[in-house]
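The next block holds one structure in the form of structure tokens; read it before the comments.
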Amino acid sequence: MREVLFYFKENGRIRCRLCPHNCLIAEGRTGICRHRRNIGGRLNADGYAKVSSVALDPIEKKPLYHFHPGSAILSVGGLWCNFRCSFCQNWHISQMEQVTTYIEPKRLVDMAIEYDSVGIAFTYNEPVIWYEYVLDTARLCKEKGLKTVMVTNGYIQSEPLKELLPYIDAFNIDVKAFNEEFYRNVCGGDLATVKQTVEKAAGESHVEVTTLIIEGLNDDVREIEDLARWLAGIDKNIPWHLSRYYPGYRMELPATRTDVIYKLRKVARKFLNYVYIGNVLGADNDTYCPKCGNKVVERGYSVSVKGLKEGKCSNCGYPVSIVI
């Protein structure tokens, strides 16, 4: 069993310092994430290398649209989460016990090579709580020239994030709303921490952001404008994925209307160069040059990079923010 990083003993219990919950954990118990357990005064990773889900996915499914478009990436998930989102799309592994398979970091890297994957994506549940497994595997990926991706809620303390950043090539970070009330009442977290994660990650890695749009909860036009303006203040080239909500887990609100998604994309495009739509059949998610409108990446049954030359639009020479 792997001892975790970032904890200290406090009055006979253990204080975990991985995420802002700062759980104080008694003997034999776990924190909110149900992954880090106090055993004999040592904090251990219960789920280290225990994989619940594994698949070779198109990288666009993460979603990452501006990071090695058209490639396949070995995607893995474990169990549990440090959030309790009532609309969770993967609740069966984030909130419930499931059968897992032990795959040590070296074997996972070997699998990525065998399947001709561009690298490994930690996704499906919340990879932050899988911290030691992610870190150990990502270090091996670096040695083998593989890319490492995290699809995450961004709920992590500054110190562990700082240690992890050199080993993660790309993030898709959920910014679930742009108000603290939503984070507190719907997710069980806080917005301020997630904002800090996006800002720090964007300084060192490729970052894309996803927001699941739920009518009546996080679709206010002013809120979307504020979120887009904040992202643009970091980098107007950060791709933002506005995804359509469908009822699931404990939330029974009706599915978000498609016209709401399109309206919010129009709002976001006032501030950001690349705004995409998720969970809407037939949406135009091709990438266009922000200056001349030339189609740079075409996305359909397959993905084709057709208008990019040495990092610039092949038509007008404008720099296009895509990692090839």
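In the structure tokens, each chain is lettered A, B, ... as it comes, each chain's residues begin at 1, and ligands are numbered from 1 in order of appearance.
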
Worksheet item: Would you give me, as a ChimeraX atom specification, the residues in range 54-296 of chain A that DSSP reads as strand (DSSP E)?
Response: /A:54-58,72-77,101-102,119-122,147-152,170-174,206-213,240-244,275-278,287-288,295-296

Write a file of the selected residues as a short mmCIF file (atom, residue, chain, number, x, y, z; two decimals), in the first residue's frame, keeping C-alpha atoms.
```
data_model
loop_
_atom_site.label_atom_id
_atom_site.label_comp_id
_atom_site.auth_asym_id
_atom_site.auth_seq_id
_atom_site.Cartn_x
_atom_site.Cartn_y
_atom_site.Cartn_z
CA VAL A 54 -9.73 1.94 -19.09
CA ALA A 55 -10.23 2.75 -22.77
CA LEU A 56 -8.38 4.01 -25.82
CA ASP A 57 -10.26 7.24 -26.53
CA PRO A 58 -10.04 9.98 -29.13
CA ALA A 72 -5.83 8.47 -29.45
CA ILE A 73 -5.02 8.46 -25.75
CA LEU A 74 -5.15 5.66 -23.18
CA SER A 75 -7.70 6.84 -20.62
CA VAL A 76 -7.96 5.49 -17.09
CA GLY A 77 -10.04 6.13 -14.00
CA THR A 101 -8.17 -4.05 -11.53
CA TYR A 102 -4.66 -3.43 -10.22
CA GLY A 119 0.03 9.17 -23.79
CA ILE A 120 -2.17 8.61 -20.74
CA ALA A 121 -5.23 10.56 -19.59
CA PHE A 122 -6.38 10.37 -15.99
CA LYS A 147 2.06 12.86 -22.92
CA THR A 148 0.11 13.04 -19.68
CA VAL A 149 -3.38 14.53 -19.37
CA MET A 150 -5.62 15.24 -16.39
CA VAL A 151 -9.38 15.80 -16.64
CA THR A 152 -10.10 17.31 -13.26
CA ALA A 170 -2.45 19.10 -20.66
CA PHE A 171 -5.47 19.69 -18.44
CA ASN A 172 -9.15 19.90 -19.01
CA ILE A 173 -10.44 21.64 -15.89
CA ASP A 174 -14.11 21.82 -15.00
CA HIS A 206 -1.87 23.33 -22.02
CA VAL A 207 -5.28 24.08 -20.48
CA GLU A 208 -8.84 23.76 -21.75
CA VAL A 209 -11.92 24.43 -19.65
CA THR A 210 -15.35 22.76 -19.55
CA THR A 211 -18.59 24.06 -18.06
CA LEU A 212 -21.75 21.95 -17.94
CA ILE A 213 -24.58 24.42 -18.51
CA TRP A 240 -13.81 26.73 -23.53
CA HIS A 241 -16.26 23.83 -23.89
CA LEU A 242 -19.88 24.65 -23.06
CA SER A 243 -21.55 21.30 -22.51
CA ARG A 244 -25.28 20.55 -22.47
CA VAL A 275 -15.59 28.29 -27.78
CA TYR A 276 -17.02 24.82 -28.42
CA ILE A 277 -20.31 23.06 -27.70
CA GLY A 278 -20.59 19.63 -26.06
CA THR A 287 -11.63 25.20 -35.34
CA TYR A 288 -11.39 28.42 -37.34
CA LYS A 295 -10.99 26.30 -41.22
CA VAL A 296 -7.95 24.99 -39.37
#
```

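With CA of Asp116 in chain A on one side and CA of Pro166 in chain A on the other, the separation reads 23.2 Å.
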
Worksheet item: Near Cys88 in chain A, within 12 Å and counting only C-alpha atoms, which residues show up once chain neighbours fewer than 4 positions away are dropped, as a ChimeraX atom specification?
Response: /A:80-81,83-84,92-96,124-126,153,174,176,186-187,212,245-252

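Among A:Cys292, A:Gly300, A:Phe178, A:Glu3, the residue with the shortest atom-to-atom distance to Trp230 in chain A, counting only C-alpha atoms, is A:Phe178.
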
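Between Val134 in chain A and the candidates A:His68, A:Arg34, A:Lys50, A:Arg222, the tightest atom-to-atom separation, counting only C-alpha atoms, involves A:Lys50.
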
Restrict the calculation to only C-alpha atoms, then for each residue of range 56-141 of chain A with any atom at most 7 Å from an atom of range 40-49 of chain A give the closest atom pair and their distance in Å to one decimal, rows by chain and rising residue number, as CSV.
```
residue,atom,partner,partner_atom,distance
A:Tyr102,CA,A:Ala49,CA,5.4
A:Ile103,CA,A:Ala49,CA,5.3
A:Glu104,CA,A:Ala49,CA,5.4
A:Trp130,CA,A:Tyr48,CA,6.8
A:Tyr133,CA,A:Tyr48,CA,5.8
```

Given the selection you just returned, output its residues as a file containing N, CA and C atoms, formatted as an mmCIF file, in the first residue's frame.
```cif
data_model
loop_
_atom_site.group_PDB
_atom_site.id
_atom_site.type_symbol
_atom_site.label_atom_id
_atom_site.label_comp_id
_atom_site.auth_asym_id
_atom_site.auth_seq_id
_atom_site.Cartn_x
_atom_site.Cartn_y
_atom_site.Cartn_z
ATOM 1 N N TYR A 102 -5.939 -4.047 -10.597
ATOM 2 C CA TYR A 102 -4.661 -3.430 -10.222
ATOM 3 C C TYR A 102 -3.758 -3.333 -11.453
ATOM 4 N N ILE A 103 -3.367 -2.095 -11.799
ATOM 5 C CA ILE A 103 -2.451 -1.861 -12.916
ATOM 6 C C ILE A 103 -1.348 -0.922 -12.421
ATOM 7 N N GLU A 104 -0.183 -1.461 -12.177
ATOM 8 C CA GLU A 104 0.910 -0.642 -11.663
ATOM 9 C C GLU A 104 1.351 0.365 -12.724
ATOM 10 N N TRP A 130 -6.199 10.641 -6.749
ATOM 11 C CA TRP A 130 -5.306 9.558 -7.187
ATOM 12 C C TRP A 130 -3.874 10.085 -7.286
ATOM 13 N N TYR A 133 -0.548 7.989 -7.607
ATOM 14 C CA TYR A 133 -0.555 7.125 -8.795
ATOM 15 C C TYR A 133 -0.342 7.956 -10.059
#
```

Item to complete: Using DSSP on the backbone, list every residue of range 195-242 of chain A that comes out as alpha helix (DSSP H), and give them as an MDAnalysis selection string.
Response: chainID A and resid 195:202 221:235

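Between Ala255 in chain A and the residues A:Phe87, A:Ser314, A:Lys162, A:Val267, the shortest atom-to-atom distance, using only C-alpha atoms, involves A:Phe87.
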
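Comparing the minimum interatomic distances between Thr30 in chain A and each of A:Lys62, A:Val323, A:Asp226, A:Asn82, counting only C-alpha atoms, we find that A:Asn82 sits nearest.
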
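Computed from the coordinates, the CA of Ile224 in chain A to CA of Ala268 in chain A distance equals 6.8 Å.
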
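When only C-alpha atoms are used to measure the gap to Thr137 in chain A, the shortest distance among A:Ile168, A:Asn273, A:Leu5, A:Pro160 belongs to A:Ile168.
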
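Here CA of Leu18 in chain A is placed at a distance of 17.9 Å from CA of Met1 in chain A.
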
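Candidate residues A:Ile39, A:Ile129, A:Val51, A:Ala112 were compared for distance to Leu146 in chain A, and the nearest is A:Ala112, using only C-alpha atoms.
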
Practice prompt. Excluding range 301-313 of chain A and any residue of its chain fewer than 3 positions from it, enumerate the residues within 10 Å of it, using only C-alpha atoms, and give them as a ChimeraX atom specification.
Written response: /A:58,60,65,68-71,286-298,316-324
